[in-house]
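Here is the file start-v9.txt (compact mmCIF, C-alpha atoms).
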# COMPACT_ATOMS: atom_id res chain seq x y z
CA MET A 1 27.07 -253.19 104.33
CA LYS A 2 28.38 -252.57 107.80
CA GLU A 3 30.48 -255.27 109.42
CA ARG A 4 30.90 -255.99 113.09
CA LEU A 5 33.20 -258.25 115.12
CA VAL A 6 30.97 -260.43 117.26
CA LEU A 7 32.17 -262.40 120.28
CA LEU A 8 30.21 -265.59 120.78
CA GLU A 9 30.50 -267.82 123.84
CA VAL A 10 28.98 -271.14 122.86
CA LEU A 11 28.33 -274.04 125.21
CA ARG A 12 30.05 -277.16 123.86
CA TYR A 13 29.41 -280.75 124.86
CA ASN A 14 30.69 -283.86 123.17
CA PRO A 15 28.88 -286.96 124.48
CA ASP A 16 31.76 -289.22 123.40
CA THR A 17 34.51 -287.43 125.32
CA ASP A 18 33.04 -284.91 127.80
CA SER A 19 31.52 -285.40 131.23
CA GLU A 20 30.71 -281.69 131.56
CA ALA A 21 29.85 -278.92 129.14
CA HIS A 22 32.18 -275.95 128.67
CA PHE A 23 32.07 -272.60 126.93
CA GLN A 24 34.11 -271.95 123.80
CA ARG A 25 34.69 -268.42 122.54
CA TYR A 26 34.57 -267.49 118.86
CA GLU A 27 35.40 -264.15 117.27
CA VAL A 28 33.46 -263.85 114.07
CA VAL A 29 33.07 -261.02 111.56
CA CYS A 30 29.36 -260.51 110.91
CA GLN A 31 27.13 -258.21 108.95
CA GLU A 32 25.31 -255.74 111.18
CA GLU A 33 21.87 -256.97 110.11
CA TRP A 34 22.59 -260.66 110.79
CA VAL A 35 20.92 -262.81 113.40
CA VAL A 36 22.67 -265.10 115.89
CA LEU A 37 21.97 -268.10 113.61
CA ASP A 38 23.91 -266.37 110.81
CA ALA A 39 26.85 -265.92 113.17
CA LEU A 40 26.73 -269.62 114.11
CA ASN A 41 26.60 -270.57 110.43
CA LYS A 42 29.65 -268.40 109.82
CA VAL A 43 31.48 -270.12 112.70
CA LYS A 44 30.61 -273.55 111.30
CA ALA A 45 31.58 -272.60 107.74
CA ASP A 46 34.84 -270.74 108.43
CA ILE A 47 36.11 -271.41 111.95
CA ASP A 48 34.89 -274.65 113.52
CA PRO A 49 32.99 -277.27 111.47
CA THR A 50 32.50 -279.46 114.57
CA LEU A 51 29.91 -277.09 116.07
CA ASN A 52 26.45 -278.73 116.22
CA TYR A 53 23.06 -277.00 116.26
CA ARG A 54 19.65 -277.40 114.66
CA TRP A 55 18.05 -275.04 112.21
CA SER A 56 15.95 -275.17 109.09
CA CYS A 57 13.76 -272.34 107.83
CA HIS A 58 15.62 -269.21 109.03
CA MET A 59 12.28 -267.37 109.20
CA ALA A 60 10.81 -268.15 112.64
CA VAL A 61 8.38 -270.72 111.27
CA CYS A 62 9.92 -274.17 111.77
CA GLY A 63 10.80 -273.82 115.46
CA SER A 64 14.07 -275.77 115.15
CA CYS A 65 16.66 -273.22 116.22
CA GLY A 66 15.57 -272.45 119.79
CA MET A 67 18.53 -271.66 122.08
CA MET A 68 19.30 -269.72 125.25
CA ILE A 69 20.79 -266.43 124.13
CA ASN A 70 22.15 -264.44 127.05
CA GLY A 71 19.92 -266.56 129.31
CA GLU A 72 16.72 -265.90 127.35
CA PRO A 73 14.99 -268.62 125.29
CA LYS A 74 14.98 -267.33 121.69
CA LEU A 75 14.80 -268.59 118.14
CA SER A 76 18.35 -267.88 116.98
CA CYS A 77 16.99 -266.90 113.55
CA HIS A 78 14.94 -264.22 115.28
CA ALA A 79 17.67 -262.85 117.56
CA PHE A 80 19.23 -259.86 115.79
CA LEU A 81 22.89 -259.16 116.56
CA ARG A 82 22.16 -255.42 116.69
CA GLU A 83 20.11 -256.04 119.85
CA TYR A 84 23.14 -257.35 121.74
CA GLU A 85 26.26 -255.69 123.08
CA GLY A 86 29.46 -257.34 124.24
CA VAL A 87 29.83 -261.10 124.39
CA ILE A 88 26.77 -263.07 123.26
CA ARG A 89 26.39 -266.24 125.27
CA VAL A 90 24.68 -269.07 123.41
CA GLU A 91 23.53 -272.21 125.23
CA PRO A 92 21.19 -275.09 124.39
CA LEU A 93 17.55 -274.73 125.46
CA ALA A 94 17.31 -274.93 129.24
CA HIS A 95 15.53 -277.85 130.94
CA PHE A 96 16.24 -280.33 128.12
CA PRO A 97 19.06 -282.88 128.10
CA ILE A 98 21.95 -281.78 125.88
CA GLU A 99 22.55 -284.23 123.07
CA ARG A 100 25.60 -282.45 121.65
CA ASP A 101 26.67 -278.77 121.74
CA LEU A 102 23.47 -276.76 121.12
CA VAL A 103 21.36 -279.78 120.18
CA THR A 104 18.90 -280.89 122.83
CA ALA A 105 16.85 -284.08 123.19
CA PRO A 106 13.13 -283.26 122.71
CA ASP A 107 11.94 -286.80 123.53
CA ASP A 108 10.15 -285.80 126.75
CA PHE A 109 8.21 -283.03 125.00
CA MET A 110 7.22 -285.30 122.11
CA GLU A 111 5.98 -287.94 124.54
CA LYS A 112 3.90 -285.40 126.49
CA LEU A 113 2.52 -283.90 123.31
CA LYS A 114 1.10 -287.30 122.35
CA ARG A 115 -0.51 -287.75 125.74
CA VAL A 116 -2.85 -284.75 125.37
CA LYS A 117 -4.33 -286.13 122.14
CA PRO A 118 -3.46 -283.05 120.08
CA TYR A 119 -5.78 -283.74 117.19
CA LEU A 120 -9.42 -283.24 116.35
CA ILE A 121 -11.72 -285.84 117.89
CA PRO A 122 -14.98 -285.18 116.01
CA LYS A 123 -17.99 -284.46 118.19
CA GLU A 124 -20.15 -286.28 115.69
CA GLN A 125 -19.06 -288.63 112.96
CA LYS A 126 -20.84 -288.07 109.71
CA PRO A 127 -20.46 -289.49 106.22
CA ILE A 128 -18.64 -287.43 103.60
CA SER A 129 -21.92 -287.12 101.69
CA GLU A 130 -23.23 -284.82 104.45
CA GLY A 131 -20.53 -282.30 103.67
CA GLU A 132 -17.93 -280.47 105.71
CA TYR A 133 -17.93 -279.60 109.41
CA LYS A 134 -18.77 -275.91 109.24
CA GLN A 135 -17.43 -273.28 111.58
CA THR A 136 -18.21 -269.58 111.96
CA PRO A 137 -15.41 -266.95 112.10
CA ALA A 138 -16.26 -266.41 115.79
CA GLN A 139 -15.85 -270.14 116.50
CA LEU A 140 -12.51 -270.05 114.68
CA MET A 141 -11.27 -267.05 116.66
CA LYS A 142 -11.97 -268.89 119.91
CA PHE A 143 -8.98 -271.19 119.35
CA ARG A 144 -7.04 -269.61 116.47
CA GLN A 145 -4.14 -268.12 118.46
CA TYR A 146 -3.52 -271.46 120.21
CA SER A 147 -3.14 -273.18 116.85
CA MET A 148 -0.15 -270.96 116.00
CA CYS A 149 2.26 -272.98 118.17
CA ILE A 150 5.35 -274.07 116.22
CA ASN A 151 6.55 -276.59 118.86
CA CYS A 152 9.82 -274.70 119.35
CA MET A 153 9.86 -275.54 123.10
CA LEU A 154 10.98 -272.05 124.15
CA CYS A 155 8.09 -272.05 126.65
CA TYR A 156 9.49 -275.21 128.27
CA ALA A 157 12.91 -273.58 128.55
CA ALA A 158 11.31 -270.54 130.21
CA CYS A 159 9.05 -272.48 132.58
CA PRO A 160 10.69 -273.01 136.00
CA GLU A 161 8.00 -275.52 136.94
CA TYR A 162 9.05 -277.76 134.06
CA GLY A 163 12.70 -277.33 135.04
CA LEU A 164 11.99 -278.39 138.60
CA THR A 165 9.27 -281.01 138.01
CA ARG A 166 9.98 -283.32 135.11
CA ASP A 167 6.50 -284.85 135.21
CA PHE A 168 4.80 -281.53 134.35
CA ILE A 169 3.10 -281.88 130.96
CA GLY A 170 4.17 -278.30 130.28
CA PRO A 171 2.90 -275.20 128.49
CA ALA A 172 2.89 -276.06 124.77
CA ALA A 173 1.31 -279.52 125.08
CA LEU A 174 -1.41 -278.32 127.46
CA THR A 175 -2.06 -275.30 125.27
CA LEU A 176 -2.56 -277.57 122.30
CA ALA A 177 -5.06 -279.57 124.35
CA HIS A 178 -6.87 -276.28 125.00
CA ARG A 179 -6.76 -275.47 121.29
CA TYR A 180 -8.73 -278.61 120.46
CA ASN A 181 -11.00 -278.30 123.51
CA GLN A 182 -12.04 -274.86 122.24
CA ASP A 183 -12.78 -276.11 118.73
CA SER A 184 -16.52 -276.28 118.04
CA ARG A 185 -16.02 -279.43 115.94
CA ASP A 186 -14.21 -281.29 118.72
CA GLY A 187 -15.71 -283.62 121.30
CA GLY A 188 -12.55 -284.87 123.00
CA ARG A 189 -12.27 -282.58 126.03
CA LEU A 190 -13.26 -285.20 128.56
CA ALA A 191 -10.78 -287.68 127.13
CA ARG A 192 -8.03 -285.04 127.40
CA GLN A 193 -9.05 -284.22 130.98
CA GLU A 194 -7.49 -287.55 131.99
CA VAL A 195 -4.14 -285.82 131.47
CA VAL A 196 -5.05 -282.12 131.73
CA ALA A 197 -6.87 -282.10 135.08
CA THR A 198 -4.11 -283.80 137.07
CA HIS A 199 -1.14 -282.80 139.23
CA GLU A 200 1.14 -283.28 136.22
CA GLY A 201 -1.33 -281.32 134.12
CA VAL A 202 -2.61 -277.81 134.72
CA TRP A 203 -2.35 -278.05 138.52
CA GLU A 204 1.45 -278.13 138.37
CA CYS A 205 1.36 -274.68 136.76
CA THR A 206 1.80 -271.86 139.27
CA PHE A 207 1.21 -269.12 136.70
CA VAL A 208 4.72 -267.73 136.44
CA GLY A 209 3.70 -266.52 132.97
CA ALA A 210 7.18 -266.82 131.44
CA CYS A 211 5.83 -269.14 128.70
CA SER A 212 3.71 -266.39 127.19
CA GLU A 213 6.51 -263.81 127.44
CA VAL A 214 8.97 -265.86 125.37
CA CYS A 215 6.62 -267.36 122.76
CA PRO A 216 7.81 -266.28 119.29
CA ALA A 217 4.43 -267.12 117.76
CA HIS A 218 2.49 -264.87 120.17
CA VAL A 219 0.57 -267.77 121.62
CA ASP A 220 -0.51 -267.26 125.23
CA PRO A 221 -0.01 -270.60 127.02
CA ALA A 222 -0.41 -268.97 130.45
CA SER A 223 -3.92 -267.90 129.44
CA ALA A 224 -4.78 -271.35 128.08
CA LEU A 225 -3.67 -273.08 131.28
CA GLN A 226 -5.56 -270.72 133.59
CA GLN A 227 -8.72 -271.21 131.53
CA MET A 228 -8.31 -274.97 131.80
CA LYS A 229 -7.90 -274.65 135.58
CA ILE A 230 -11.27 -272.90 135.71
CA THR A 231 -13.06 -275.52 133.59
CA SER A 232 -11.40 -278.33 135.57
CA SER A 233 -12.54 -276.72 138.83
CA ILE A 234 -16.09 -276.44 137.53
CA ASP A 235 -15.97 -280.13 136.56
CA TRP A 236 -14.87 -281.00 140.09
CA ILE A 237 -17.57 -278.86 141.73
CA VAL A 238 -20.29 -280.37 139.55
CA GLU A 239 -19.09 -283.89 140.25
CA HIS A 240 -18.42 -283.60 144.00
CA LEU A 241 -20.47 -280.78 145.48
CA ILE A 242 -23.73 -280.69 143.55
CA PRO A 243 -26.12 -283.46 144.63
CA GLY A 244 -26.85 -285.57 141.59
CA GLY A 245 -24.25 -283.53 139.72
CA ARG A 246 -22.46 -285.53 137.14
CA THR A 247 -20.04 -284.55 134.46
CA GLU A 248 -20.05 -286.26 131.14
CA LYS A 249 -16.72 -287.63 132.38
CA SER A 250 -18.42 -290.32 134.39
CA SER A 251 -20.55 -291.36 131.46
CA ALA A 252 -18.17 -290.86 128.55
CA SER A 253 -16.30 -293.79 127.16
CA ARG A 254 -12.60 -293.24 127.65
CA ASP A 255 -11.74 -295.28 124.64
CA ASP A 256 -13.89 -293.38 122.21
CA ALA A 257 -11.16 -290.91 121.42
CA GLY A 258 -8.66 -293.31 119.91
CA ASP A 259 -4.92 -292.82 120.24
CA ILE A 260 -1.94 -292.34 118.02
CA ALA A 261 0.50 -294.00 120.39
CA MET B 1 27.23 -291.79 117.53
CA SER B 2 26.38 -292.94 121.01
CA ARG B 3 23.70 -291.20 123.02
CA ASN B 4 24.92 -289.80 126.29
CA PRO B 5 22.73 -286.76 126.96
CA LEU B 6 23.91 -284.30 129.58
CA VAL B 7 21.26 -283.25 132.10
CA ARG B 8 21.78 -279.88 133.73
CA VAL B 9 19.96 -279.75 137.08
CA VAL B 10 17.99 -276.60 137.97
CA PRO B 11 19.12 -275.32 141.39
CA PRO B 12 15.98 -275.80 143.54
CA THR B 13 16.59 -272.86 145.89
CA SER B 14 18.18 -270.23 143.66
CA TRP B 15 16.60 -270.63 140.21
CA TYR B 16 14.61 -267.42 140.60
CA PHE B 17 17.79 -265.32 140.49
CA ARG B 18 18.28 -266.37 136.86
CA HIS B 19 15.89 -263.81 135.40
CA PRO B 20 14.01 -260.69 136.62
CA ARG B 21 10.68 -262.23 135.60
CA TYR B 22 11.24 -265.03 138.09
CA LEU B 23 11.98 -262.50 140.83
CA ARG B 24 8.72 -260.69 140.01
CA TYR B 25 6.92 -264.02 140.30
CA MET B 26 8.51 -264.72 143.71
CA ALA B 27 7.57 -261.20 144.86
CA ARG B 28 3.95 -261.94 143.93
CA GLU B 29 4.03 -265.21 145.86
CA ILE B 30 5.87 -263.90 148.93
CA THR B 31 3.61 -260.88 149.41
CA CYS B 32 0.76 -263.28 150.21
CA ILE B 33 2.52 -264.04 153.52
CA PHE B 34 1.62 -260.52 154.73
CA ILE B 35 -2.00 -261.11 153.74
CA ALA B 36 -2.04 -264.39 155.67
CA ALA B 37 -0.46 -262.61 158.67
CA TYR B 38 -3.13 -259.91 158.53
CA CYS B 39 -5.85 -262.58 158.47
CA VAL B 40 -4.32 -264.11 161.62
CA LEU B 41 -4.35 -260.63 163.21
CA LEU B 42 -8.08 -260.28 162.45
CA VAL B 43 -8.78 -263.68 164.01
CA VAL B 44 -6.81 -262.65 167.11
CA GLY B 45 -8.88 -259.45 167.22
CA LEU B 46 -12.13 -261.46 167.12
CA HIS B 47 -10.83 -263.68 169.90
CA ARG B 48 -10.03 -260.62 172.04
CA LEU B 49 -13.46 -259.17 171.32
CA ALA B 50 -15.05 -262.40 172.52
CA ASN B 51 -13.02 -262.15 175.74
CA GLY B 52 -14.73 -258.95 176.83
CA PRO B 53 -14.20 -255.15 176.84
CA GLU B 54 -10.86 -255.15 178.65
CA ALA B 55 -9.26 -257.64 176.28
CA TRP B 56 -10.64 -255.68 173.31
CA GLU B 57 -9.28 -252.36 174.61
CA GLY B 58 -5.89 -254.00 175.11
CA PHE B 59 -5.98 -255.24 171.52
CA LEU B 60 -6.83 -251.74 170.24
CA LEU B 61 -3.97 -250.29 172.29
CA ALA B 62 -1.55 -252.83 170.82
CA LEU B 63 -2.69 -251.85 167.32
CA ARG B 64 -1.56 -248.28 168.00
CA SER B 65 2.02 -249.31 168.84
CA ALA B 66 4.88 -248.35 166.53
CA ASP B 67 5.56 -252.01 165.64
CA SER B 68 1.94 -252.51 164.71
CA ILE B 69 1.88 -249.40 162.52
CA VAL B 70 5.03 -250.52 160.69
CA PHE B 71 3.50 -253.99 160.17
CA HIS B 72 0.26 -252.46 158.85
CA LEU B 73 2.13 -250.24 156.40
CA LEU B 74 4.17 -253.21 155.13
CA ALA B 75 1.07 -255.40 154.94
CA MET B 76 -0.81 -252.72 153.02
CA ALA B 77 2.01 -252.27 150.51
CA ALA B 78 2.25 -256.06 150.08
CA ALA B 79 -1.52 -256.35 149.69
CA PHE B 80 -1.58 -253.63 147.04
CA TYR B 81 1.22 -255.33 145.10
CA HIS B 82 -0.33 -258.78 145.46
CA ALA B 83 -3.79 -257.59 144.43
CA ALA B 84 -2.44 -255.63 141.46
CA THR B 85 -0.51 -258.63 140.12
CA TRP B 86 -3.64 -260.79 140.25
CA PHE B 87 -5.90 -258.13 138.80
CA ASN B 88 -3.46 -257.74 135.93
CA ALA B 89 -3.57 -261.52 135.46
CA THR B 90 -7.38 -261.74 135.28
CA GLN B 91 -7.34 -260.86 131.59
CA LYS B 92 -5.46 -264.09 130.93
CA ALA B 93 -7.68 -266.29 133.07
CA MET B 94 -10.96 -264.79 131.88
CA PRO B 95 -10.71 -263.66 128.27
CA LEU B 96 -14.07 -262.41 127.03
CA GLN B 97 -15.08 -262.97 123.42
CA ILE B 98 -17.87 -260.93 121.88
CA GLY B 99 -18.59 -262.04 118.33
CA GLU B 100 -15.30 -262.47 116.54
CA ASP B 101 -13.35 -260.10 118.79
CA PHE B 102 -11.96 -260.36 122.26
CA VAL B 103 -12.60 -257.58 124.78
CA PRO B 104 -9.27 -255.74 125.33
CA GLY B 105 -7.46 -257.22 128.33
CA ASN B 106 -7.05 -253.81 129.95
CA LEU B 107 -10.83 -253.48 130.22
CA ILE B 108 -11.10 -256.81 132.07
CA SER B 109 -8.31 -255.93 134.50
CA GLY B 110 -9.62 -252.35 134.76
CA ALA B 111 -13.08 -253.62 135.74
CA HIS B 112 -11.48 -255.48 138.63
CA TYR B 113 -9.73 -252.31 139.82
CA VAL B 114 -13.04 -250.42 139.65
CA ALA B 115 -14.82 -253.17 141.61
CA TRP B 116 -11.98 -253.09 144.15
CA ALA B 117 -12.33 -249.33 144.61
CA VAL B 118 -16.14 -249.47 144.89
CA LEU B 119 -16.06 -252.30 147.45
CA SER B 120 -13.32 -250.56 149.46
CA PHE B 121 -15.37 -247.36 149.63
CA ALA B 122 -18.46 -249.37 150.59
CA VAL B 123 -16.57 -251.01 153.46
CA LEU B 124 -15.19 -247.66 154.62
CA TYR B 125 -18.69 -246.15 154.41
CA LEU B 126 -20.18 -248.97 156.47
CA ALA B 127 -17.35 -248.51 158.98
CA GLY B 128 -18.44 -244.89 159.40
CA VAL B 129 -15.30 -243.31 157.96
CA PHE B 130 -17.29 -240.81 155.84
Show how you would write the structure in this file as structure tokens.
Amino acid sequence: MKERLVLLEVLRYNPDTDSEAHFQRYEVVCQEEWVVLDALNKVKADIDPTLNYRWSCHMAVCGSCGMMINGEPKLSCHAFLREYEGVIRVEPLAHFPIERDLVTAPDDFMEKLKRVKPYLIPKEQKPISEGEYKQTPAQLMKFRQYSMCINCMLCYAACPEYGLTRDFIGPAALTLAHRYNQDSRDGGRLARQEVVATHEGVWECTFVGACSEVCPAHVDPASALQQMKITSSIDWIVEHLIPGGRTEKSSASRDDAGDIA
Amino acid sequence: MSRNPLVRVVPPTSWYFRHPRYLRYMAREITCIFIAAYCVLLVVGLHRLANGPEAWEGFLLALRSADSIVFHLLAMAAAFYHAATWFNATQKAMPLQIGEDFVPGNLISGAHYVAWAVLSFAVLYLAGVF
């Protein structure tokens, strides 16, 4: 197997001693077919055991190892060394507080994820004796791609709106709201609109589209958010401009959806 | 271990230099200024028209000046770019599902280009160009 000397510049931050982050350079002998995560593992094993980063599956499924690699949000297990020349600069995911080295604090994302009620709120409750909630393949395809999100937060690191406006609910959480809104078994759209159709919700999005470009799971958050802008606009028109117009919003109970908070 | 997370602030006026995709986004947004300016020009034209034949002739003369021609060329280029970026985006905002499959995005954007061409020719026809 072919070997290659890789130069890594890794952002380091120790919360106990540092007030600023700084880059540290490592020279590490790697196999040509390795990914950036392999190089980091080699650094930790042979050169510097104090280096901190998250990872788990090493197969682009768990979404733990998101980092900025040469300024681009990537899963480090999916970033092949052969695609890079010269020094490879590795930083923690942008727009999230740095906990230590390459480890970021996802608290804000987790909080926002909860707010959109990212779970099925059955349109109709029925006893188990009546059988399952059936769905056609076409109904499944309507939301399937949005259910592929692995919560890796790369879209948040790519989204300049989230970087500039901390209140923005952000691409992945809103996309998950869309995923359940599009589900034929779900009846929770109006409850989710309390968060979705707000300034912090879809209206903070200016359609930069970076979220969809960086998603490793080929989800299209930009599409989901624009679709939700259209449905939210229709809601507003029905409620405010059509005489006697009334969305279910004004009649729906806002407590009927429950909460996991 | 104590928690002392480091927050890196995004520079509010220069963030778009960080990646080419952000520059493309800013180009899309900034080109709308030319479209707004052209709308103002049309309103000025209407105002001149309402002020009588002399004012209208003066407006037409001003349109033929070198400055005006340069502005129109820039505005047209900006309008083309701006329109194209939005037409390309329509496939994201309006995905069309038929049965289990989605209509290819290029067809949705392409339909907008076709409608644009047809409407442009209709306007030119009504204006007596052909």
Which residues of chain A sit at most 7 Å from chain B, using all atoms listed in the file? Give each one's shortest atom pair and distance in Å (one decimal place), in chain and ascending residue order, as a Markdown table.
| residue | atom | partner | partner_atom | distance |
| --- | --- | --- | --- | --- |
| A:Pro15 | CA | B:Asn4 | CA | 5.2 |
| A:Asp16 | CA | B:Ser2 | CA | 7.0 |
| A:Pro97 | CA | B:Val7 | CA | 4.6 |
| A:Ile98 | CA | B:Leu6 | CA | 4.9 |
| A:Glu99 | CA | B:Pro5 | CA | 4.6 |
| A:Pro137 | CA | B:Glu100 | CA | 6.3 |
| A:Ala138 | CA | B:Glu100 | CA | 4.1 |
| A:Met141 | CA | B:Glu100 | CA | 6.1 |
| A:Gly163 | CA | B:Val10 | CA | 6.1 |
| A:Leu164 | CA | B:Val10 | CA | 6.3 |
| A:Val208 | CA | B:Tyr25 | CA | 5.8 |
| A:Ser223 | CA | B:Lys92 | CA | 4.4 |
| A:Gln226 | CA | B:Ala93 | CA | 4.9 |
| A:Gln227 | CA | B:Ala93 | CA | 5.3 |
Next on the checklist: as a list in words, please: the residues near A:Pro216 (cut-off 12 Å, only C-alpha atoms, same-chain neighbours under 6 positions excluded).
Outcome noted: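 Those residues are Met59, Ala60, Val61, Cys62, Gly63, Cys65, Gly66, Pro73, Lys74, Leu75, Ser76, Cys77, His78, Ala79, Met148, Cys149, Ile150, Asn151, Cys152, Met153, Leu154 and Cys155 of chain A.
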Item to check | Selected residue of minimal separation from A:Val6 among A:Pro118, A:Pro49, A:Gly187, A:Gly86, counting only C-alpha atoms | outcome: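 Distance minimum relative to A:Val6 lands on A:Gly86.
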Find the spatial neighbours of A:Leu140, counting only C-alpha atoms, within a cut-off of 9 Å - ignore same-chain residues fewer than 4 positions away - and output them as a PDB file with C-alpha atoms, in the coordinates of the input.
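Saved file out-v7.pdb follows:
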ATOM      1  CA  GLN A 135     -17.430-273.280 111.580  1.00  0.00           C
ATOM      2  CA  THR A 136     -18.210-269.580 111.960  1.00  0.00           C
ATOM      3  CA  ARG A 144      -7.040-269.610 116.470  1.00  0.00           C
ATOM      4  CA  GLN A 182     -12.040-274.860 122.240  1.00  0.00           C
ATOM      5  CA  ASP A 183     -12.780-276.110 118.730  1.00  0.00           C
ATOM      6  CA  SER A 184     -16.520-276.280 118.040  1.00  0.00           C
TER       7      SER A 184
ATOM      8  CA  GLU B 100     -15.300-262.470 116.540  1.00  0.00           C
TER       9      GLU B 100
END
Provide an axis-aligned box for all listed atoms of stretch 38-55 of chain B, padding each side by 8 Å; report its centre and its edge lengths in Å to one decimal, as JSON.
{"center_x": -9.1, "center_y": -259.6, "center_z": 168.6, "size_x": 27.9, "size_y": 25.0, "size_z": 36.2}
Checklist entry - Which one of B:Phe59, B:Tyr113, B:Phe34, B:Phe130 sits closest to B:Ala77 if you count only C-alpha atoms? => result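 Of all the options, B:Phe34 lies closest to B:Ala77.
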Checklist entry - By how many Å are atom CA of A:His22 and atom CA of A:His95 apart? => result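 Computed distance, atom CA of A:His22 to atom CA of A:His95, equals 16.9 Å.
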Next on the checklist: Can you tell me which residues surround B:His112 at a distance of at most 12 Å, considering only C-alpha atoms, apart from same-chain residues fewer than 3 positions away, and format the answer as a ChimeraX atom specification?
Outcome noted: /B:83-91,94,105-109,115-119
Item to check | Spatial neighbours of stretch 39-44 of chain B, 12 Å, all atoms listed in the file, chain gap at least 6 places, as a list in words | outcome: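 Here the answer would be Cys32, Ile33, Ala50, Asn51, Ala55, Trp56, Gly58, Phe59, Leu60, Ala62, Leu63, Ser68, Phe71, His72, Ala75 and Ala79 of chain B.
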Item to check | Straight-line distance linking atom CA of A:Phe109 with atom CA of A:Ser56, stated in Å to one decimal | outcome: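 Computing the Euclidean distance for atom CA of A:Phe109 and atom CA of A:Ser56 yields 19.4 Å.
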I'd like the neighbourhood of stretch 229-237 of chain A as a compact mmCIF listing (two decimals) with C-alpha atoms, keeping the file's coordinate frame, where a residue qualifies if any of its atoms comes within 9 Å (using only C-alpha atoms), though same-chain residues fewer than 4 positions away should be ignored.
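And here is the file that came out, around30.txt:
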# COMPACT_ATOMS: atom_id res chain seq x y z
CA GLN A 193 -9.05 -284.22 130.98
CA VAL A 196 -5.05 -282.12 131.73
CA ALA A 197 -6.87 -282.10 135.08
CA VAL A 202 -2.61 -277.81 134.72
CA TRP A 203 -2.35 -278.05 138.52
CA ALA A 224 -4.78 -271.35 128.08
CA LEU A 225 -3.67 -273.08 131.28
CA LEU A 241 -20.47 -280.78 145.48
CA ILE A 242 -23.73 -280.69 143.55
CA GLY A 245 -24.25 -283.53 139.72
CA ARG A 246 -22.46 -285.53 137.14
CA THR A 247 -20.04 -284.55 134.46
CA LYS A 249 -16.72 -287.63 132.38
CA ALA B 93 -7.68 -266.29 133.07
CA MET B 94 -10.96 -264.79 131.88
Item to check | Atom-to-atom span, atom CA of A:Glu204 and atom CA of A:Ala105, Å | outcome: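 If I compute the distance from atom CA of A:Glu204 to atom CA of A:Ala105, I get 22.4 Å.
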Checklist entry - What residues have an atom no more than 12 Å from (21.0, -256.4, 122.4) in the file's own frame, counting all atoms listed in the file, and can you write them as a list in words? => result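 Taken together, the residues in range are Val6, Val35, Val36, Ile69, Asn70, Glu72, Ala79, Phe80, Leu81, Arg82, Glu83, Tyr84, Glu85, Gly86, Val87, Ile88 and Arg89 of chain A.
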Item to check | Among listed residues B:Thr31, B:Val129, B:Pro53, B:Leu61, nearest B:Leu74 (using all atoms listed in the file) | outcome: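 Once distances to B:Leu74 are computed over all atoms listed in the file, the minimum belongs to B:Thr31.
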Item to check | Given only C-alpha atoms as the counted atoms, nearest of A:Glu130, A:Glu9, A:Asp186, A:Asp107 to A:Glu27 | outcome: A:Glu9
Checklist entry - From the list B:Pro20, B:Val70, B:Thr13, B:Met76, which residue is nearest B:Tyr38 when using all atoms listed in the file? => result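 Looking only at the distances to B:Tyr38, the closest residue turns out to be B:Met76.
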